[in-house]
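One file, coords_24.cif, is given below (mmCIF, C-alpha atoms and all ligand atoms).
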data_structure
#
loop_
_atom_site.label_atom_id
_atom_site.label_comp_id
_atom_site.auth_asym_id
_atom_site.auth_seq_id
_atom_site.Cartn_x
_atom_site.Cartn_y
_atom_site.Cartn_z
CA MET A 1 40.03 41.24 -31.30
CA LYS A 2 39.22 43.21 -34.45
CA VAL A 3 41.71 42.49 -37.22
CA LEU A 4 43.28 45.11 -39.42
CA SER A 5 44.89 45.19 -42.84
CA ILE A 6 47.35 47.83 -43.98
CA GLY A 7 47.61 49.47 -47.40
CA ILE A 8 50.71 51.51 -48.24
CA ASP A 9 50.87 54.14 -50.99
CA ALA A 10 54.51 54.85 -51.92
CA SER A 11 53.89 57.71 -54.31
CA THR A 12 56.12 60.30 -55.96
CA GLN A 13 56.33 62.80 -53.12
CA GLY A 14 55.75 60.67 -50.05
CA VAL A 15 54.22 57.62 -48.39
CA LYS A 16 50.79 57.02 -46.84
CA ALA A 17 49.92 54.03 -44.69
CA LEU A 18 46.27 53.24 -44.02
CA ALA A 19 44.80 50.80 -41.49
CA LEU A 20 41.52 49.18 -42.57
CA GLY A 21 39.27 47.41 -40.06
CA PRO A 22 35.80 45.87 -40.20
CA ASP A 23 34.23 49.25 -39.44
CA GLY A 24 36.23 51.15 -42.03
CA ILE A 25 39.43 53.19 -42.08
CA GLU A 26 40.91 53.36 -38.56
CA ALA A 27 43.93 55.58 -39.22
CA ILE A 28 46.08 57.10 -41.93
CA ALA A 29 49.71 58.19 -41.46
CA SER A 30 51.73 60.12 -43.98
CA VAL A 31 55.34 61.00 -44.72
CA ASN A 32 56.57 63.69 -47.09
CA TYR A 33 60.04 63.10 -48.51
CA GLY A 34 60.95 66.79 -48.65
CA ARG A 35 59.88 67.59 -45.09
CA ASP A 36 60.50 64.30 -43.28
CA LEU A 37 63.52 62.83 -45.06
CA PRO A 38 65.53 65.88 -46.21
CA GLN A 39 68.76 63.86 -46.08
CA PHE A 40 67.77 62.29 -49.43
CA ASP A 41 67.77 65.70 -51.14
CA ALA A 42 64.55 65.10 -53.05
CA PRO A 43 62.12 67.85 -51.99
CA GLU A 44 59.71 66.99 -54.82
CA GLY A 45 60.44 63.25 -54.89
CA PHE A 46 63.49 63.38 -57.17
CA VAL A 47 67.00 64.79 -56.83
CA PRO A 48 67.05 68.24 -58.45
CA THR A 49 69.27 68.49 -61.55
CA ASP A 50 69.85 71.00 -64.35
CA ASN A 51 68.71 68.44 -66.90
CA PRO A 52 64.90 68.46 -66.89
CA ARG A 53 64.85 65.06 -68.61
CA ILE A 54 66.56 63.32 -65.68
CA ARG A 55 64.32 62.47 -62.74
CA GLU A 56 65.91 60.07 -60.26
CA ALA A 57 65.64 59.27 -56.56
CA ASN A 58 67.45 57.13 -54.02
CA PRO A 59 65.43 53.92 -53.45
CA ARG A 60 66.51 53.99 -49.78
CA MET A 61 64.30 57.05 -49.43
CA TRP A 62 61.24 55.00 -50.40
CA GLU A 63 62.21 52.31 -47.91
CA GLU A 64 62.77 54.84 -45.12
CA GLY A 65 59.48 56.50 -46.04
CA VAL A 66 57.65 53.20 -45.59
CA ARG A 67 59.35 52.61 -42.21
CA LEU A 68 58.46 56.06 -40.93
CA ALA A 69 54.86 55.82 -42.17
CA LEU A 70 54.44 52.47 -40.36
CA GLN A 71 55.97 53.94 -37.22
CA ARG A 72 53.51 56.85 -37.36
CA LEU A 73 50.59 54.50 -38.04
CA GLY A 74 51.68 52.42 -35.04
CA ALA A 75 51.35 55.50 -32.85
CA GLU A 76 47.64 55.71 -33.85
CA VAL A 77 46.50 52.07 -33.83
CA ASP A 78 47.68 48.77 -32.38
CA LEU A 79 49.52 47.18 -35.29
CA ALA A 80 49.71 43.82 -33.49
CA ARG A 81 46.16 43.37 -34.86
CA VAL A 82 47.34 43.51 -38.47
CA GLU A 83 46.77 40.21 -40.28
CA THR A 84 48.23 41.16 -43.64
CA LEU A 85 49.44 44.13 -45.64
CA SER A 86 50.07 45.24 -49.19
CA GLY A 87 50.99 48.37 -51.04
CA ALA A 88 51.21 50.22 -54.31
CA ALA A 89 54.05 52.32 -55.62
CA GLN A 90 54.38 55.01 -58.25
CA GLN A 91 54.32 52.90 -61.42
CA HIS A 92 57.34 52.02 -63.58
CA GLY A 93 60.87 53.12 -62.59
CA LEU A 94 63.95 50.90 -62.54
CA VAL A 95 65.80 49.55 -59.50
CA CYS A 96 68.75 47.23 -60.18
CA THR A 97 70.34 45.05 -57.51
CA ASP A 98 73.29 42.66 -57.56
CA ALA A 99 73.35 39.02 -56.44
CA SER A 100 73.54 40.09 -52.78
CA GLY A 101 70.52 42.39 -53.16
CA ALA A 102 72.63 45.59 -52.96
CA LEU A 103 71.76 48.52 -55.23
CA VAL A 104 73.93 48.64 -58.37
CA PHE A 105 73.05 52.29 -59.05
CA ARG A 106 72.64 54.70 -56.15
CA LEU A 107 69.81 56.55 -57.90
CA ALA A 108 66.85 55.06 -59.73
CA PRO A 109 64.85 56.77 -62.51
CA ILE A 110 61.18 57.40 -61.68
CA TRP A 111 58.14 57.79 -63.98
CA MET A 112 58.96 61.48 -64.63
CA ASP A 113 62.31 60.62 -66.25
CA ARG A 114 62.46 61.34 -69.98
CA SER A 115 66.07 60.40 -70.72
CA THR A 116 65.20 57.33 -72.82
CA GLU A 117 63.95 58.87 -76.06
CA GLU A 118 66.65 57.17 -78.12
CA GLU A 119 66.03 53.76 -76.50
CA CYS A 120 62.30 54.09 -77.18
CA ARG A 121 63.00 54.86 -80.83
CA GLU A 122 65.21 51.76 -81.06
CA LEU A 123 62.53 49.55 -79.50
CA ASP A 124 59.82 50.94 -81.78
CA GLU A 125 62.07 50.46 -84.83
CA ARG A 126 62.83 46.87 -83.88
CA PHE A 127 59.29 45.74 -82.96
CA GLY A 128 56.99 48.29 -84.65
CA ALA A 129 53.28 48.10 -83.84
CA ALA A 130 53.79 44.62 -82.35
CA LEU A 131 55.34 46.19 -79.24
CA ARG A 132 52.10 48.05 -78.55
CA GLU A 133 49.88 45.12 -79.45
CA ARG A 134 51.82 42.63 -77.32
CA THR A 135 52.75 44.74 -74.27
CA GLY A 136 49.83 47.21 -74.27
CA SER A 137 52.02 50.27 -74.91
CA ALA A 138 54.31 51.69 -77.57
CA ALA A 139 57.81 52.23 -76.15
CA ALA A 140 57.32 54.66 -73.24
CA MET A 141 60.17 56.73 -71.82
CA ARG A 142 59.15 56.13 -68.20
CA PHE A 143 58.79 52.35 -68.47
CA THR A 144 61.24 49.87 -66.91
CA GLY A 145 62.32 48.25 -70.21
CA PRO A 146 63.54 51.40 -72.00
CA GLN A 147 65.13 52.55 -68.73
CA ALA A 148 67.03 49.25 -68.45
CA ARG A 149 68.19 49.56 -72.05
CA ARG A 150 69.61 52.99 -71.32
CA ARG A 151 71.38 51.91 -68.11
CA ALA A 152 72.93 48.92 -69.92
CA LYS A 153 74.17 51.22 -72.71
CA VAL A 154 75.49 54.02 -70.53
CA TYR A 155 77.00 51.81 -67.79
CA PRO A 156 77.94 48.52 -69.54
CA ILE A 157 80.41 47.45 -66.84
CA ALA A 158 78.10 48.10 -63.90
CA TRP A 159 75.28 46.47 -65.88
CA ARG A 160 77.14 43.13 -65.76
CA ARG A 161 76.65 43.10 -61.97
CA VAL A 162 72.88 43.46 -62.27
CA ALA A 163 71.20 40.28 -61.03
CA HIS A 164 67.67 41.61 -60.40
CA VAL A 165 65.69 44.23 -62.30
CA HIS A 166 62.69 45.62 -60.46
CA CYS A 167 60.13 48.32 -60.99
CA ILE A 168 59.63 50.43 -57.86
CA ALA A 169 56.70 48.34 -56.56
CA SER A 170 58.48 44.99 -56.66
CA TRP A 171 61.66 46.48 -55.17
CA ILE A 172 59.87 47.93 -52.11
CA ASN A 173 57.94 44.65 -51.85
CA SER A 174 61.29 42.79 -51.85
CA ARG A 175 62.58 44.94 -49.00
CA LEU A 176 59.43 44.22 -46.95
CA VAL A 177 59.71 40.44 -47.33
CA GLY A 178 63.53 40.39 -47.16
CA ALA A 179 63.78 38.35 -50.39
CA GLU A 180 63.31 38.78 -54.14
CA ALA A 181 59.59 39.46 -54.41
CA PRO A 182 57.48 38.69 -57.47
CA VAL A 183 55.73 41.43 -59.44
CA ASP A 184 51.97 41.62 -60.01
CA PRO A 185 50.59 41.77 -63.58
CA ALA A 186 49.59 45.43 -63.16
CA SER A 187 53.17 46.52 -62.41
CA ALA A 188 54.67 44.08 -64.89
CA SER A 189 52.57 45.57 -67.70
CA GLY A 190 54.13 49.00 -67.11
CA GLN A 191 57.51 47.89 -68.41
CA ASN A 192 57.18 47.28 -72.19
CA LEU A 193 58.24 43.72 -71.34
CA LEU A 194 55.11 41.73 -70.46
CA ASP A 195 53.13 39.82 -73.04
CA LEU A 196 49.51 40.63 -72.21
CA ALA A 197 48.32 37.45 -73.94
CA THR A 198 50.35 35.09 -71.75
CA LEU A 199 50.83 37.30 -68.67
CA ASP A 200 54.48 36.32 -68.77
CA TRP A 201 57.60 38.15 -69.91
CA ALA A 202 58.02 38.51 -73.68
CA GLY A 203 61.43 36.77 -73.90
CA ASP A 204 62.40 38.17 -77.31
CA ILE A 205 61.54 41.75 -76.34
CA ALA A 206 63.38 41.47 -73.02
CA ALA A 207 66.45 39.94 -74.72
CA PHE A 208 66.62 42.79 -77.25
CA THR A 209 66.00 45.42 -74.56
CA ALA A 210 69.17 44.77 -72.56
CA PRO A 211 71.84 42.04 -72.35
CA GLY A 212 70.81 39.29 -69.93
CA LEU A 213 67.56 41.08 -69.00
CA PRO A 214 65.29 37.98 -69.25
CA ASP A 215 67.28 36.32 -66.42
CA THR A 216 66.96 39.29 -64.09
CA LEU A 217 63.19 39.81 -64.13
CA PRO A 218 61.05 38.73 -61.15
CA ARG A 219 58.37 36.05 -61.31
CA VAL A 220 54.97 37.40 -62.38
CA ALA A 221 52.55 36.53 -59.57
CA GLU A 222 48.77 36.20 -59.56
CA PRO A 223 47.10 39.39 -58.32
CA LEU A 224 46.18 39.21 -54.63
CA SER A 225 48.61 36.35 -54.00
CA ASP A 226 51.23 36.33 -51.22
CA SER A 227 54.67 37.66 -52.12
CA GLY A 228 56.28 36.35 -48.92
CA THR A 229 56.07 37.19 -45.24
CA LEU A 230 57.00 40.35 -43.37
CA SER A 231 60.69 40.51 -42.59
CA PRO A 232 61.68 41.13 -38.93
CA GLU A 233 63.33 44.35 -40.17
CA PHE A 234 59.84 45.75 -40.83
CA ALA A 235 58.20 44.57 -37.63
CA ILE A 236 57.66 48.24 -36.84
CA GLY A 237 55.14 49.90 -34.53
CA GLY A 238 53.89 46.54 -33.19
CA LEU A 239 53.58 44.76 -36.57
CA ARG A 240 54.30 41.04 -36.27
CA ALA A 241 57.11 39.60 -38.40
CA GLY A 242 55.91 36.69 -40.50
CA ILE A 243 52.46 37.99 -41.48
CA PRO A 244 51.72 37.57 -45.21
CA VAL A 245 52.56 40.45 -47.54
CA VAL A 246 50.20 40.48 -50.53
CA VAL A 247 52.03 41.22 -53.78
CA TRP A 248 52.41 44.97 -54.37
CA SER A 249 50.71 46.74 -57.25
CA GLY A 250 50.83 50.13 -59.01
CA ASP A 251 49.26 53.34 -57.69
CA ASN A 252 46.77 53.91 -60.52
CA PRO A 253 45.50 50.30 -60.64
CA ASP A 254 45.03 50.32 -56.85
CA SER A 255 43.36 53.71 -57.01
CA LEU A 256 40.75 52.23 -59.34
CA LEU A 257 39.99 49.62 -56.67
CA GLY A 258 39.91 52.26 -53.93
CA MET A 259 37.50 54.35 -56.02
CA GLY A 260 35.13 51.39 -56.15
CA GLY A 261 35.81 50.76 -59.86
CA ALA A 262 34.08 52.50 -62.73
CA ALA A 263 31.06 51.34 -64.77
CA PRO A 264 31.34 51.05 -68.59
CA GLY A 265 31.56 54.55 -70.07
CA GLU A 266 32.88 56.08 -66.82
CA ALA A 267 36.47 56.95 -65.94
CA VAL A 268 38.55 58.06 -62.97
CA VAL A 269 40.68 61.19 -63.02
CA SER A 270 43.52 61.32 -60.51
CA LEU A 271 44.92 64.82 -59.94
CA GLY A 272 48.27 64.47 -58.21
CA THR A 273 51.95 64.79 -59.06
CA SER A 274 50.81 62.93 -62.15
CA ASP A 275 47.41 63.68 -63.62
CA THR A 276 45.93 60.46 -64.97
CA VAL A 277 42.68 59.39 -66.60
CA PHE A 278 41.89 55.70 -66.40
CA ALA A 279 39.06 53.27 -66.95
CA PRO A 280 38.64 49.52 -66.61
CA MET A 281 38.69 47.45 -69.81
CA ASP A 282 37.57 43.83 -70.30
CA VAL A 283 39.67 43.18 -73.40
CA PRO A 284 42.86 45.13 -74.17
CA ARG A 285 42.33 47.81 -76.85
CA THR A 286 45.43 49.97 -77.32
CA ASP A 287 45.82 53.67 -78.16
CA PRO A 288 46.22 54.03 -81.96
CA ASP A 289 48.35 57.16 -81.33
CA GLY A 290 50.74 55.12 -79.17
CA ILE A 291 50.57 57.59 -76.25
CA GLY A 292 48.15 55.93 -73.82
CA ASN A 293 48.77 52.63 -72.07
CA VAL A 294 46.96 49.41 -71.28
CA PHE A 295 47.88 47.79 -67.97
CA CYS A 296 46.53 44.71 -66.21
CA GLY A 297 44.16 45.54 -63.37
CA ALA A 298 45.20 45.18 -59.71
CA GLU A 299 42.49 42.54 -59.19
CA ARG A 300 41.52 41.39 -62.69
CA GLY A 301 40.88 42.68 -66.23
CA TYR A 302 42.71 45.64 -67.72
CA LEU A 303 43.06 49.36 -67.24
CA ALA A 304 43.39 51.97 -70.00
CA LEU A 305 45.36 55.01 -68.86
CA VAL A 306 46.80 58.33 -69.96
CA CYS A 307 49.28 60.26 -67.86
CA ALA A 308 50.66 63.82 -67.76
CA GLU A 309 52.54 65.84 -65.16
CA GLY A 310 50.19 67.86 -62.96
CA ALA A 311 50.56 69.12 -59.40
CA LEU A 312 54.15 70.38 -59.44
CA GLU A 313 53.32 72.79 -62.26
CA ARG A 314 50.10 73.88 -60.52
CA ASP A 315 52.11 74.51 -57.36
CA ARG A 316 54.72 76.55 -59.25
CA VAL A 317 52.09 78.79 -60.85
CA ARG A 318 50.31 79.16 -57.50
CA ARG A 319 53.51 80.22 -55.72
CA ASP A 320 54.52 82.62 -58.53
CA ALA A 321 51.11 84.27 -58.33
CA GLY A 322 51.33 84.45 -54.51
CA PHE A 323 48.03 82.52 -54.07
CA ASP A 324 47.15 80.09 -51.28
CA TRP A 325 45.26 76.97 -52.40
CA ASN A 326 41.82 78.44 -51.65
CA THR A 327 42.56 81.50 -53.73
CA PHE A 328 44.02 79.34 -56.50
CA SER A 329 40.85 77.24 -56.51
CA ARG A 330 38.61 80.33 -56.63
CA TRP A 331 40.55 81.77 -59.57
CA LEU A 332 39.57 78.67 -61.56
CA ASN A 333 35.95 79.73 -61.46
CA PRO A 334 34.46 80.33 -64.96
CA GLY A 335 33.39 83.83 -63.81
CA ALA A 336 36.93 84.85 -62.81
CA PRO A 337 38.91 87.16 -65.12
CA ARG A 338 41.68 85.48 -67.11
CA ASN A 339 44.54 84.58 -64.78
CA PRO A 340 47.56 82.22 -64.76
CA ALA A 341 45.89 79.58 -62.52
CA ARG A 342 42.92 79.25 -64.85
CA GLU A 343 45.09 79.29 -67.96
CA LEU A 344 47.34 76.49 -66.72
CA CYS A 345 44.55 74.28 -65.38
CA GLU A 346 42.40 74.74 -68.47
CA PHE A 347 45.36 73.71 -70.60
CA GLN A 348 46.05 70.67 -68.36
CA MET A 349 42.42 69.47 -68.36
CA LYS A 350 42.04 69.98 -72.14
CA ASN A 351 45.25 68.04 -72.68
CA LEU A 352 43.91 65.16 -70.56
CA ALA A 353 40.57 65.22 -72.40
CA HIS A 354 42.39 65.13 -75.74
CA LEU A 355 44.76 62.32 -74.74
CA SER A 356 41.98 60.15 -73.29
CA ARG A 357 39.63 60.18 -76.32
CA TRP A 358 40.74 56.66 -77.28
CA ILE A 359 39.48 55.32 -73.94
CA LEU A 360 35.88 56.37 -74.74
CA PRO A 361 33.56 53.54 -75.76
CA ALA A 362 32.99 53.32 -79.54
CA GLY A 363 30.73 56.14 -80.74
CA ALA A 364 30.77 58.08 -77.45
CA THR A 365 31.92 61.70 -77.40
CA ALA A 366 32.19 62.05 -73.60
CA PHE A 367 32.46 59.88 -70.50
CA THR A 368 29.14 59.41 -68.72
CA LYS A 369 30.72 60.24 -65.33
CA LEU A 370 34.16 60.90 -63.84
CA GLY A 371 35.31 59.96 -60.34
CA ALA A 372 37.96 62.38 -59.07
CA THR A 373 40.77 61.51 -56.68
CA GLY A 374 44.25 62.73 -55.69
CA GLY A 375 45.23 65.95 -53.90
CA GLY A 376 43.83 68.17 -56.68
CA ALA A 377 40.37 66.64 -56.18
CA LYS A 378 40.09 68.67 -52.96
CA SER A 379 39.70 71.81 -55.11
CA ASP A 380 36.09 72.61 -56.06
CA GLY A 381 37.38 74.97 -58.76
CA LEU A 382 39.50 72.28 -60.40
CA LEU A 383 36.68 69.71 -60.35
CA GLN A 384 34.21 72.18 -61.86
CA LEU A 385 36.73 72.94 -64.59
CA LEU A 386 37.22 69.20 -65.12
CA ALA A 387 33.46 68.71 -65.50
CA ASP A 388 33.23 71.64 -67.95
CA VAL A 389 36.18 70.52 -70.10
CA PHE A 390 35.20 66.83 -70.18
CA GLN A 391 31.47 67.65 -70.48
CA ALA A 392 30.74 65.02 -67.84
CA PRO A 393 29.54 65.09 -64.24
CA VAL A 394 32.40 64.71 -61.77
CA GLU A 395 32.08 63.04 -58.36
CA ARG A 396 34.39 63.40 -55.38
CA LEU A 397 34.20 60.48 -52.94
CA GLU A 398 34.39 60.70 -49.17
CA ALA A 399 37.42 58.37 -49.15
CA THR A 400 40.42 60.39 -50.25
CA GLU A 401 43.45 58.08 -49.98
CA THR A 402 42.20 55.77 -52.71
CA VAL A 403 45.59 54.22 -53.57
CA ALA A 404 46.34 53.14 -49.99
CA LEU A 405 42.69 52.13 -49.62
CA GLY A 406 42.85 49.94 -52.75
CA ALA A 407 45.98 48.23 -51.43
CA ALA A 408 44.36 47.74 -48.01
CA MET A 409 41.27 46.27 -49.71
CA ARG A 410 43.41 43.68 -51.47
CA ALA A 411 45.12 42.80 -48.19
CA TRP A 412 41.77 42.72 -46.36
CA SER A 413 40.31 40.42 -49.00
CA ARG A 414 43.30 38.08 -48.57
CA ALA A 415 42.92 38.10 -44.76
CA THR A 416 39.16 37.65 -44.51
CA GLY A 417 38.07 36.12 -47.83
CA GLU A 418 35.62 39.03 -48.36
CA PRO A 419 35.36 39.76 -52.11
CA ILE A 420 36.80 43.11 -53.26
CA ALA A 421 33.40 44.18 -54.66
CA SER A 422 31.80 43.74 -51.25
CA ILE A 423 34.55 45.75 -49.52
CA GLN A 424 34.17 48.47 -52.15
CA SER A 425 30.45 48.82 -51.50
CA ARG A 426 31.26 49.93 -47.94
CA PHE A 427 33.28 52.91 -49.21
CA ARG A 428 31.45 54.31 -52.24
CA HIS A 429 30.04 57.44 -50.64
CA VAL A 430 29.86 60.52 -52.84
CA ALA A 431 30.91 63.70 -51.02
CA ALA A 432 30.28 66.24 -53.81
CA ARG A 433 29.11 66.31 -57.43
CA PHE A 434 29.93 68.87 -60.14
CA GLU A 435 27.66 69.19 -63.18
CA PRO A 436 29.17 70.31 -66.50
CA HIS A 437 28.42 73.76 -67.93
CA TRP A 438 29.41 74.94 -71.37
CA LEU A 439 32.84 76.52 -71.27
C1 LIG B 501 51.28 56.21 -64.78
C2 LIG B 501 52.42 56.99 -64.22
C3 LIG B 501 52.20 57.82 -63.01
C4 LIG B 501 52.86 57.16 -61.81
C5 LIG B 501 52.95 58.07 -60.63
O1 LIG B 501 51.64 55.43 -65.86
O2 LIG B 501 53.50 56.96 -64.70
O3 LIG B 501 50.84 58.05 -62.79
O4 LIG B 501 52.21 55.97 -61.51
O5 LIG B 501 51.81 58.22 -59.93
#

Before anything else, please render the file you have as structure tokens.
Ligand code: XUL
Amino acid sequence: MKVLSIGIDASTQGVKALALGPDGIEAIASVNYGRDLPQFDAPEGFVPTDNPRIREANPRMWEEGVRLALQRLGAEVDLARVETLSGAAQQHGLVCTDASGALVFRLAPIWMDRSTEEECRELDERFGAALRERTGSAAAMRFTGPQARRRAKVYPIAWRRVAHVHCIASWINSRLVGAEAPVDPASASGQNLLDLATLDWAGDIAAFTAPGLPDTLPRVAEPLSDSGTLSPEFAIGGLRAGIPVVVWSGDNPDSLLGMGGAAPGEAVVSLGTSDTVFAPMDVPRTDPDGIGNVFCGAERGYLALVCAEGALERDRVRRDAGFDWNTFSRWLNPGAPRNPARELCEFQMKNLAHLSRWILPAGATAFTKLGATGGGAKSDGLLQLLADVFQAPVERLEATETVALGAAMRAWSRATGEPIASIQSRFRHVAARFEPHWL
């Protein structure tokens, strides 16, 4: 009997579940929150509001999304063969539960939320540059710590009931194992609360961030370790309750694994709801401008990252112009007359290039190569523009669901003992390459 592992990608707009076997990817199932779970009123992954700084979603939607994705995967492959599973969620966010595990707040802020400007200022004032040096990031509006500080300030009475503070990854992981799950270092480092030097919570920072916060944070687990076993509630589509669930990670760190890593001087660009540029790092080196972030890697080492909003704006401009995606992609061509698609995408790619300068190795003026992933990487026009703006060749891989693949690789490695690097070598097939031209 050929064993399988499952990797789940619980991203901003939906969930993907991928089954990985010895011969490669056997099936992928996907769920879109807007189309498949309209009862949660989050067509783009968050509940629409008039305040563009507030971006929140109901955590139950993520849980239901995972259930439905597993059900759909079970219709494609025999999930009784699954030995172990893991997953990655959109990074950051804040989910608070009480002592019984019930949600304290019906809605949870996601990475797009920008309501914590004041809390970030307070954290930066209190800790100065040490916050960045110790946690890898200056206070960031989307991170779990500043979000917790805001919740505690705005809802002090409800805050007293909070017994567990999770980022999105460790909350979904907790639901899967039916107990308080630990958090992996990659997700823990996206909270402005983890000390990168000790890989444990920075007690003084957590205590200042919100009353009682140090007592509510999950244990920080070793990457690739077990977080518990699959709860009978999630024995869906033939999955066996009791199989090990490898600790969940974040979407960008797992995407780096799924992309097969990046050599020194190279980076990965993920073009999705968030556009991110990231590269592995051996020793943490933080962004002097305080905008970029350093996270722990999903397997080992560190990851330097910059993040901006991407696909929703591209989709808006596309719809306003009445283009389908092929037309949109063609209008990005350097030969095309000036048009709104080109203008927006050129701005977005230049912004990413500008923000990611600090990730370049000392003395370098461009990355030696970029790997492209995410939905936007399907567009030839966007990848050519990326190559032109970054002045670097861009490669699209055959494997597209790199977040779910990275999570499945971690689970596969746990189940079979095969090293991640060896699993990666089976997937690194380049599908297309774009050479840079002068803009
Ligand atoms: C990265 C970030 C986003 C989310 C959603 O720091 O906030 O990329 O992970 O994908």

Taking all atoms listed in the file into account, list the residues no farther than 8 Å from ligand LIG 501 (chain B), as JSON, numbers by chain.
{"A": [11, 12, 89, 90, 91, 92, 111, 112, 142, 143, 190, 250, 251, 252, 272, 273, 274, 275, 276, 293, 305, 306, 307, 308]}

Considering only C-alpha atoms, return as an MDAnalysis selection string whatever protein or nucleic-acid residues lie within 8 Å of stretch 398-403 of chain A, sequence-local ones (same chain, fewer than 4 positions apart) excluded.
chainID A and resid 8:9 88 251:252 254:259 373:374 407 427:431

Please determine, counting all atoms listed in the file, which residue among A:Arg114, A:Lys378, A:Lys2, A:Lys16 has the shortest atom-to-atom distance to A:Glu309.
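Smallest distance to A:Glu309 is found for A:Arg114.
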
With all atoms listed in the file as the counted atoms, please give the residues lying no more than 10 Å from A:Gly7, apart from itself and same-chain residues fewer than 2 positions off, as a ChimeraX atom specification.
/A:5,9-10,16-20,28,84-88,246,248,254,401-412

Write out as an MDAnalysis selection string which residues come within 9 Å of stretch 162-173 of chain A when counting all atoms listed in the file, dropping same-chain ones fewer than 2 positions away.
chainID A and resid 10 59 62:63 66 86:101 103:104 108 110 143:144 148 158:160 175:184 187:188 190:191 212:213 215:218 227:228 245:250

Name the closest residue to A:Gly381 among the candidates A:Pro43, A:Gly74, A:Pro334, A:Pro361; distances are taken between atoms, counting all atoms listed in the file.
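With all atoms listed in the file as the atom set, the closest residue is A:Pro334.
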
For a quick check of understanding, using only C-alpha atoms, which of A:Ile25, A:Asp380, A:Trp358, A:Gln71 has the smallest distance to A:Gly290?
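Among the listed residues, the smallest separation from A:Gly290 belongs to A:Trp358.
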
Can you work out which one of A:Val3, A:Ala421, A:Val220, A:Ser270 has the shortest atom-to-atom distance to A:Gly24, counting only C-alpha atoms?
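Using only C-alpha atoms, the shortest distance to A:Gly24 belongs to A:Val3.
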
So, with only C-alpha atoms as the atoms that count, which of A:Leu193, A:Ala377, A:Leu385, A:Ala221 lies closest to A:Glu435?
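So, comparing all the options, the nearest one is A:Leu385.
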